[in-house]
Each structure stands twice: as C-alpha cells, then as structure tokens.
file structure.pdb (PDB, C-alpha atoms)
ATOM      1  CA  MET A   1    -181.253 133.363 -78.529
ATOM      2  CA  MET A   2    -183.152 130.147 -77.726
ATOM      3  CA  ARG A   3    -186.798 130.570 -76.702
ATOM      4  CA  TRP A   4    -188.126 128.636 -73.745
ATOM      5  CA  THR A   5    -191.119 126.468 -74.559
ATOM      6  CA  PRO A   6    -192.709 123.927 -72.231
ATOM      7  CA  ARG A   7    -192.733 121.296 -74.965
ATOM      8  CA  ARG A   8    -188.966 121.571 -75.566
ATOM      9  CA  PHE A   9    -188.064 120.677 -71.964
ATOM     10  CA  ALA A  10    -190.889 118.241 -71.192
ATOM     11  CA  LEU A  11    -189.154 115.060 -72.383
ATOM     12  CA  PRO A  12    -185.776 115.695 -70.691
ATOM     13  CA  LEU A  13    -187.552 116.662 -67.466
ATOM     14  CA  LEU A  14    -189.685 113.518 -67.620
ATOM     15  CA  LEU A  15    -186.594 111.331 -68.157
ATOM     16  CA  ILE A  16    -184.782 112.915 -65.213
ATOM     17  CA  CYS A  17    -187.805 112.380 -62.947
ATOM     18  CA  LEU A  18    -188.094 108.733 -64.013
ATOM     19  CA  ALA A  19    -184.406 108.147 -63.332
ATOM     20  CA  ILE A  20    -184.595 109.743 -59.888
ATOM     21  CA  PHE A  21    -187.724 107.923 -58.748
ATOM     22  CA  SER A  22    -187.041 104.495 -60.266
ATOM     23  CA  ALA A  23    -183.409 104.126 -59.133
ATOM     24  CA  PRO A  24    -184.142 103.637 -55.403
ATOM     25  CA  ALA A  25    -186.826 101.041 -56.126
ATOM     26  CA  ALA A  26    -184.578  99.095 -58.484
ATOM     27  CA  ALA A  27    -181.685  99.262 -56.022
ATOM     28  CA  ALA A  28    -183.890  98.067 -53.183
ATOM     29  CA  THR A  29    -185.123  95.089 -55.200
ATOM     30  CA  ALA A  30    -181.647  94.100 -56.364
ATOM     31  CA  GLY A  31    -180.229  94.610 -52.880
ATOM     32  CA  THR A  32    -182.829  92.349 -51.322
ATOM     33  CA  THR A  33    -182.038  89.523 -53.725
ATOM     34  CA  GLU A  34    -178.273  89.929 -53.477
ATOM     35  CA  SER A  35    -178.190  90.382 -49.737
ATOM     36  CA  SER A  36    -180.425  87.443 -48.887
ATOM     37  CA  TYR A  37    -179.493  84.598 -51.260
ATOM     38  CA  LEU A  38    -176.642  82.378 -50.065
ATOM     39  CA  ILE A  39    -174.333  80.992 -52.751
ATOM     40  CA  SER A  40    -174.221  77.191 -52.809
ATOM     41  CA  PRO A  41    -172.596  74.359 -54.781
ATOM     42  CA  GLY A  42    -173.831  74.145 -58.376
ATOM     43  CA  ASP A  43    -174.507  77.876 -58.721
ATOM     44  CA  VAL A  44    -172.865  79.673 -61.661
ATOM     45  CA  LEU A  45    -171.171  83.007 -60.954
ATOM     46  CA  GLU A  46    -169.564  85.584 -63.201
ATOM     47  CA  ILE A  47    -166.785  87.555 -61.534
ATOM     48  CA  SER A  48    -165.163  90.420 -63.416
ATOM     49  CA  VAL A  49    -162.855  93.321 -62.699
ATOM     50  CA  TRP A  50    -163.447  96.554 -64.585
ATOM     51  CA  LYS A  51    -160.809  97.330 -67.236
ATOM     52  CA  ASP A  52    -159.101  93.955 -66.836
ATOM     53  CA  GLU A  53    -160.365  91.223 -69.167
ATOM     54  CA  THR A  54    -157.828  88.737 -67.785
ATOM     55  CA  LEU A  55    -159.638  88.857 -64.437
ATOM     56  CA  SER A  56    -163.074  87.903 -65.761
ATOM     57  CA  ARG A  57    -164.317  84.384 -65.099
ATOM     58  CA  GLN A  58    -167.465  82.296 -65.090
ATOM     59  CA  VAL A  59    -167.255  79.911 -62.166
ATOM     60  CA  VAL A  60    -169.379  76.903 -61.226
ATOM     61  CA  VAL A  61    -169.318  76.537 -57.448
ATOM     62  CA  PRO A  62    -167.941  73.028 -56.719
ATOM     63  CA  PRO A  63    -169.359  70.677 -54.057
ATOM     64  CA  ASP A  64    -166.897  71.917 -51.400
ATOM     65  CA  GLY A  65    -167.866  75.558 -52.071
ATOM     66  CA  VAL A  66    -164.283  76.698 -52.675
ATOM     67  CA  ILE A  67    -163.682  78.640 -55.900
ATOM     68  CA  SER A  68    -160.389  79.811 -57.394
ATOM     69  CA  PHE A  69    -159.732  83.252 -58.845
ATOM     70  CA  PRO A  70    -156.559  84.670 -60.438
ATOM     71  CA  LEU A  71    -154.120  86.453 -58.096
ATOM     72  CA  ILE A  72    -156.115  85.714 -54.934
ATOM     73  CA  ASN A  73    -156.325  81.901 -55.116
ATOM     74  CA  ASP A  74    -159.118  80.105 -53.212
ATOM     75  CA  ILE A  75    -162.237  81.619 -51.658
ATOM     76  CA  ASN A  76    -164.737  79.608 -49.615
ATOM     77  CA  VAL A  77    -168.117  80.926 -50.789
ATOM     78  CA  ASN A  78    -170.243  78.619 -48.608
ATOM     79  CA  ARG A  79    -172.949  80.634 -46.814
ATOM     80  CA  MET A  80    -171.750  83.836 -48.551
ATOM     81  CA  THR A  81    -173.996  86.330 -50.344
ATOM     82  CA  VAL A  82    -173.160  87.857 -53.735
ATOM     83  CA  THR A  83    -172.538  91.196 -52.019
ATOM     84  CA  ALA A  84    -170.157  89.617 -49.499
ATOM     85  CA  LEU A  85    -168.257  87.809 -52.257
ATOM     86  CA  ARG A  86    -167.883  91.043 -54.226
ATOM     87  CA  GLY A  87    -166.415  92.724 -51.157
ATOM     88  CA  GLU A  88    -164.071  89.797 -50.433
ATOM     89  CA  VAL A  89    -162.702  89.687 -53.994
ATOM     90  CA  ALA A  90    -162.210  93.479 -54.040
ATOM     91  CA  ALA A  91    -160.448  93.441 -50.661
ATOM     92  CA  ARG A  92    -158.042  90.682 -51.729
ATOM     93  CA  LEU A  93    -157.313  92.327 -55.096
ATOM     94  CA  LYS A  94    -156.291  95.635 -53.454
ATOM     95  CA  GLU A  95    -152.874  94.104 -52.868
ATOM     96  CA  PHE A  96    -152.389  93.921 -56.663
ATOM     97  CA  ILE A  97    -154.737  96.551 -58.136
ATOM     98  CA  PRO A  98    -155.455 100.012 -56.688
ATOM     99  CA  ASP A  99    -159.195 100.479 -56.072
ATOM    100  CA  PRO A 100    -160.471  97.477 -58.057
ATOM    101  CA  THR A 101    -164.065  97.662 -59.286
ATOM    102  CA  VAL A 102    -165.421  94.133 -58.964
ATOM    103  CA  THR A 103    -168.697  92.815 -60.348
ATOM    104  CA  VAL A 104    -170.193  89.503 -59.222
ATOM    105  CA  MET A 105    -173.311  88.227 -60.961
ATOM    106  CA  LEU A 106    -175.317  85.145 -60.115
ATOM    107  CA  LEU A 107    -175.963  83.664 -63.579
ATOM    108  CA  GLN A 108    -177.690  80.423 -62.591
ATOM    109  CA  ILE A 109    -179.131  79.149 -59.332
ATOM    110  CA  ASN A 110    -178.697  75.398 -59.611
ATOM    111  CA  SER A 111    -178.591  74.640 -55.910
ATOM    112  CA  LEU A 112    -182.104  75.791 -55.032
ATOM    113  CA  THR A 113    -183.972  72.496 -55.434
ATOM    114  CA  ALA A 114    -186.522  70.414 -53.551
ATOM    115  CA  SER A 115    -187.685  66.848 -54.143
ATOM    116  CA  VAL A 116    -191.000  65.014 -54.222
ATOM    117  CA  ILE A 117    -191.167  61.269 -53.631
ATOM    118  CA  GLY A 118    -194.019  58.822 -53.279
ATOM    119  CA  LYS A 119    -197.437  58.757 -54.862
ATOM    120  CA  VAL A 120    -197.280  61.728 -57.219
ATOM    121  CA  ASN A 121    -197.493  61.574 -61.001
ATOM    122  CA  GLN A 122    -193.915  62.780 -61.632
ATOM    123  CA  PRO A 123    -191.650  62.272 -58.606
ATOM    124  CA  GLY A 124    -188.193  63.823 -58.744
ATOM    125  CA  GLN A 125    -186.008  66.778 -57.902
ATOM    126  CA  TYR A 126    -187.193  70.206 -59.082
ATOM    127  CA  PRO A 127    -185.669  73.678 -59.155
ATOM    128  CA  ILE A 128    -187.646  76.042 -56.938
ATOM    129  CA  THR A 129    -187.865  79.775 -56.460
ATOM    130  CA  ALA A 130    -187.271  81.473 -53.133
ATOM    131  CA  ASP A 131    -191.033  81.715 -52.515
ATOM    132  CA  ALA A 132    -192.145  78.255 -53.743
ATOM    133  CA  THR A 133    -194.612  76.483 -51.447
ATOM    134  CA  VAL A 134    -195.527  72.822 -50.943
ATOM    135  CA  MET A 135    -198.505  73.213 -53.294
ATOM    136  CA  HIS A 136    -196.247  74.723 -55.976
ATOM    137  CA  LEU A 137    -193.945  71.706 -55.801
ATOM    138  CA  LEU A 138    -196.804  69.205 -55.828
ATOM    139  CA  ALA A 139    -198.197  70.942 -58.918
ATOM    140  CA  ARG A 140    -194.774  70.703 -60.615
ATOM    141  CA  ALA A 141    -194.817  66.984 -59.826
ATOM    142  CA  GLY A 142    -198.130  66.565 -61.675
ATOM    143  CA  GLY A 143    -200.274  66.344 -58.545
ATOM    144  CA  LEU A 144    -201.159  63.354 -56.396
ATOM    145  CA  ASN A 145    -202.013  60.041 -57.970
ATOM    146  CA  PRO A 146    -205.315  58.305 -57.027
ATOM    147  CA  PHE A 147    -203.638  56.075 -54.413
ATOM    148  CA  ALA A 148    -201.998  58.905 -52.423
ATOM    149  CA  ASP A 149    -202.844  59.561 -48.784
ATOM    150  CA  SER A 150    -203.649  63.281 -49.123
ATOM    151  CA  LYS A 151    -203.860  63.716 -45.335
ATOM    152  CA  GLY A 152    -200.556  62.020 -44.462
ATOM    153  CA  ILE A 153    -198.044  64.061 -46.501
ATOM    154  CA  TYR A 154    -194.995  65.428 -44.707
ATOM    155  CA  ILE A 155    -191.960  67.545 -45.522
ATOM    156  CA  LEU A 156    -188.522  66.304 -44.490
ATOM    157  CA  ARG A 157    -186.275  69.222 -43.589
ATOM    158  CA  ARG A 158    -182.776  69.330 -42.162
ATOM    159  CA  ALA A 159    -182.419  72.206 -39.705
ATOM    160  CA  ASP A 160    -179.584  72.777 -37.238
ATOM    161  CA  GLY A 161    -178.156  69.329 -37.951
ATOM    162  CA  ALA A 162    -181.407  67.505 -37.142
ATOM    163  CA  GLN A 163    -184.064  66.050 -39.422
ATOM    164  CA  GLN A 164    -187.639  67.344 -39.033
ATOM    165  CA  ALA A 165    -190.886  65.924 -40.382
ATOM    166  CA  ILE A 166    -193.424  68.716 -40.966
ATOM    167  CA  PRO A 167    -197.007  67.446 -41.507
ATOM    168  CA  PHE A 168    -199.024  68.640 -44.496
ATOM    169  CA  ASN A 169    -202.697  67.889 -45.115
ATOM    170  CA  TYR A 170    -203.329  68.352 -48.842
ATOM    171  CA  ALA A 171    -207.080  67.831 -48.472
ATOM    172  CA  GLU A 172    -207.397  70.767 -46.045
ATOM    173  CA  VAL A 173    -205.342  73.147 -48.188
ATOM    174  CA  GLU A 174    -207.251  72.086 -51.303
ATOM    175  CA  ASP A 175    -210.493  73.013 -49.476
ATOM    176  CA  GLY A 176    -209.027  76.392 -48.440
ATOM    177  CA  ARG A 177    -208.618  75.459 -44.767
ATOM    178  CA  ASN A 178    -205.509  75.604 -42.554
ATOM    179  CA  LEU A 179    -203.509  77.389 -45.267
ATOM    180  CA  ALA A 180    -200.613  78.129 -42.895
ATOM    181  CA  GLN A 181    -199.344  74.591 -43.434
ATOM    182  CA  ASN A 182    -198.618  75.428 -47.099
ATOM    183  CA  ILE A 183    -195.146  76.550 -46.061
ATOM    184  CA  VAL A 184    -192.397  78.066 -48.192
ATOM    185  CA  LEU A 185    -189.903  75.371 -49.111
ATOM    186  CA  ARG A 186    -186.200  75.557 -48.385
ATOM    187  CA  ARG A 187    -183.238  74.239 -50.312
ATOM    188  CA  GLY A 188    -183.051  70.461 -49.949
ATOM    189  CA  ASP A 189    -186.576  69.869 -48.616
ATOM    190  CA  VAL A 190    -188.162  66.535 -49.521
ATOM    191  CA  VAL A 191    -191.954  66.257 -49.792
ATOM    192  CA  VAL A 192    -193.059  62.689 -49.018
ATOM    193  CA  VAL A 193    -196.443  61.572 -50.347
ATOM    194  CA  PRO A 194    -197.411  58.170 -48.844
TER
END
call {"tool": "encode", "arguments": {"input": "structure.pdb", "output": "structure tokens"}}
result
Amino acid sequence: MMRWTPRRFALPLLLICLAIFSAPAAAATAGTTESSYLISPGDVLEISVWKDETLSRQVVVPPDGVISFPLINDINVNRMTVTALRGEVAARLKEFIPDPTVTVMLLQINSLTASVIGKVNQPGQYPITADATVMHLLARAGGLNPFADSKGIYILRRADGAQQAIPFNYAEVEDGRNLAQNIVLRRGDVVVVP
C-alpha cells in the first residue's frame, strides 16, 4: 500500500494549480490580439486543418485582400479578424469535412506600417506595433535634424474617406507638457516634419 506524503503530491498539485490559473490569463491575452487585429494586404497567414496535411497553407494576403484555399476557393479577408477567418474557413469546409478543426495563425504583420517624411535623420516607412506613438516613430527615424520645425509637425491620417492633419508639437512633448498629443499611430499614418 502506498503511503501518503505531502512531498509526493506537492509537484503534481502545483502543476495543476498553475495550469488552472494561467490558462484564463493566456486565453484572454491571445483573444484580445486575435479579436482586435484586422488582417490586411501583406500579412502572412498559416491556415491548417487538423489531420489533413493537404489543407495546410501559408498565404500572403494580396493587395485586393482575397485569398484562395483548397475546396472553398476565394475568401475576402479585408477587415476580418483571425478569429473570424477561422470561423469562415471552418463553416465553408463543413460541406466537405465533418466537424473540421481549423487553425489560423498570423505569422507576420507586414501591413502595420507608418511613414515619416521631412526633416528627420532617416525618413521612410517603418513597421509599427499596435501601441506605437508619434515619439516612437520619430525615434525610429533617428530623431529630428537641426533644421526641423519641432512645433509644426503634423500627422496625416485617412479616416472615413477624408484626410486629416493632426498637429504635434515635439518641443512640448519633449518638455513633458501636453502629452495627450503623443497619440497612438494607426496603419498608414504619415508623420510630416517640416
């Protein structure tokens, strides 16, 4: 007969507790990313169906946003989240496969970029993260050059079919004032440094 000792069951109990308490946090983090990011041209996706190697593909989203997948033909992924795409592929495959288990992974985000033009040390287009601010992008561009107008910077943004010019005063933000103008950038924003 096996004797009960606290040491014998401590490790398995610890592992079970870690699995229970870490799973919701990991799921919440992954869900937030998947449910909020919109797939765009240039992004690289991996779509696979469990137990069917012939239905596994890496796909680069083309400029029109329409990808092709075996059996189900074309899918327009413009303005679609990873979660929505997974559901769409699974729903279309049900005609051919009973209860398909579909996995969609976002391998590369190539569409999330912003540009800096004007009097910075390294103007150009840069990949950004979802929380990148104007100051982040200016730092990536090597900062302002000595001839820049640090008070006359603006961000060009297309919203609802119209172009906006959002003012940004680098001198104030650098001094720790009016920090609200250091906004989070969006895909396609252009920071103009006169």
call {"tool": "atom_distance", "arguments": {"input": "structure.pdb", "atom1": "atom CA of Thr113 of chain A", "atom2": "atom CA of Phe69 of chain A"}}
result
26.7 Å
call {"tool": "residues_around", "arguments": {"input": "structure.pdb", "residues": "Val173 of chain A", "least_positions_apart": "4", "cutoff": "12 Å", "atoms": "all atoms listed in the file", "output": "list in words"}}
result
Thr133, Val134, Met135, Ser150, Lys151, Ile153, Phe168, Asn169, Arg177, Asn178, Leu179, Ala180, Gln181, Asn182 and Ile183 of chain A
call {"tool": "resolve_selection", "arguments": {"input": "structure.pdb", "expression": "the PyMOL selection byres ((chain A and resi 142) around 10)", "output": "JSON, numbers by chain"}}
result
{"A": [120, 121, 122, 123, 137, 138, 139, 140, 141, 143, 144, 145]}
call {"tool": "closest_residue", "arguments": {"input": "structure.pdb", "among": "A:Pro98, A:Gly152, A:Gly188, A:Gly176", "to": "Ile128 of chain A", "atoms": "all atoms listed in the file"}}
result
A:Gly188
call {"tool": "resolve_selection", "arguments": {"input": "structure.pdb", "expression": "the PyMOL selection byres ((chain A and resi 60) around 6)", "output": "CSV table (one decimal) with C-alpha atoms, keeping the file's coordinate frame"}}
result
chain,number,residue,atom,x,y,z
A,42,GLY,CA,-173.8,74.1,-58.4
A,43,ASP,CA,-174.5,77.9,-58.7
A,44,VAL,CA,-172.9,79.7,-61.7
A,59,VAL,CA,-167.3,79.9,-62.2
A,61,VAL,CA,-169.3,76.5,-57.4
call {"tool": "residues_around", "arguments": {"input": "structure.pdb", "residues": "Ser48 of chain A", "least_positions_apart": "6", "cutoff": "12 Å", "atoms": "only C-alpha atoms", "output": "list in words"}}
result
Thr54, Leu55, Ser56, Arg57, Gln58, Val59, Phe69, Pro70, Leu85, Arg86, Val89, Ala90, Leu93, Pro100, Thr101, Val102, Thr103, Val104, Met105 and Leu106 of chain A
call {"tool": "atom_distance", "arguments": {"input": "structure.pdb", "atom1": "atom CA of Glu95 of chain A", "atom2": "atom CA of Pro62 of chain A"}}
result
26.2 Å
call {"tool": "resolve_selection", "arguments": {"input": "structure.pdb", "expression": "the PyMOL selection byres ((chain A and resi 40) around 6)", "output": "ChimeraX atom specification"}}
result
/A:39,41,43,78,111
call {"tool": "atom_distance", "arguments": {"input": "structure.pdb", "atom1": "atom CA of Asn110 of chain A", "atom2": "atom CA of Val190 of chain A"}}
result
16.4 Å
call {"tool": "residues_around", "arguments": {"input": "structure.pdb", "residues": "Pro194 of chain A", "least_positions_apart": "2", "cutoff": "7 Å", "atoms": "only C-alpha atoms", "output": "PyMOL selection string"}}
result
chain A and resi 118-119+148-149+152-153+192
call {"tool": "write_last_selection", "arguments": {"input": "structure.pdb", "atoms": "C-alpha atoms", "output": "compact mmCIF listing (two decimals), in the coordinates of the input"}}
result
# COMPACT_ATOMS: atom_id res chain seq x y z
CA GLY A 118 -194.02 58.82 -53.28
CA LYS A 119 -197.44 58.76 -54.86
CA ALA A 148 -202.00 58.90 -52.42
CA ASP A 149 -202.84 59.56 -48.78
CA GLY A 152 -200.56 62.02 -44.46
CA ILE A 153 -198.04 64.06 -46.50
CA VAL A 192 -193.06 62.69 -49.02
call {"tool": "closest_residue", "arguments": {"input": "structure.pdb", "among": "A:Asp189, A:Glu46, A:Asp74, A:Asp52", "to": "Gln125 of chain A", "atoms": "only C-alpha atoms"}}
result
A:Asp189
call {"tool": "closest_residue", "arguments": {"input": "structure.pdb", "among": "A:Val77, A:Ala114, A:Leu185, A:Leu38", "to": "Ala132 of chain A", "atoms": "only C-alpha atoms"}}
result
A:Leu185
call {"tool": "axis_aligned_box", "arguments": {"input": "structure.pdb", "around": "segment 57-61 of chain A", "padding_each_side": "6 Å", "output": "lines of an AutoDock Vina configuration file"}}
result
center_x = -166.8
center_y = 80.5
center_z = -61.3
size_x = 17.1
size_y = 19.8
size_z = 19.7
call {"tool": "residues_around", "arguments": {"input": "structure.pdb", "residues": "Arg158 of chain A", "least_positions_apart": "3", "cutoff": "10 Å", "atoms": "all atoms listed in the file", "output": "list in words"}}
result
Ile155, Gly161, Ala162, Gln163, Gln164, Ala165, Arg186, Arg187, Gly188, Asp189 and Val190 of chain A
call {"tool": "closest_residue", "arguments": {"input": "structure.pdb", "among": "A:Arg79, A:Ala171, A:Asp160, A:Ile47", "to": "Leu107 of chain A", "atoms": "only C-alpha atoms"}}
result
A:Ile47
call {"tool": "closest_residue", "arguments": {"input": "structure.pdb", "among": "A:Tyr37, A:Asp131, A:Ile72, A:Ala159", "to": "Ile97 of chain A", "atoms": "only C-alpha atoms"}}
result
A:Ile72
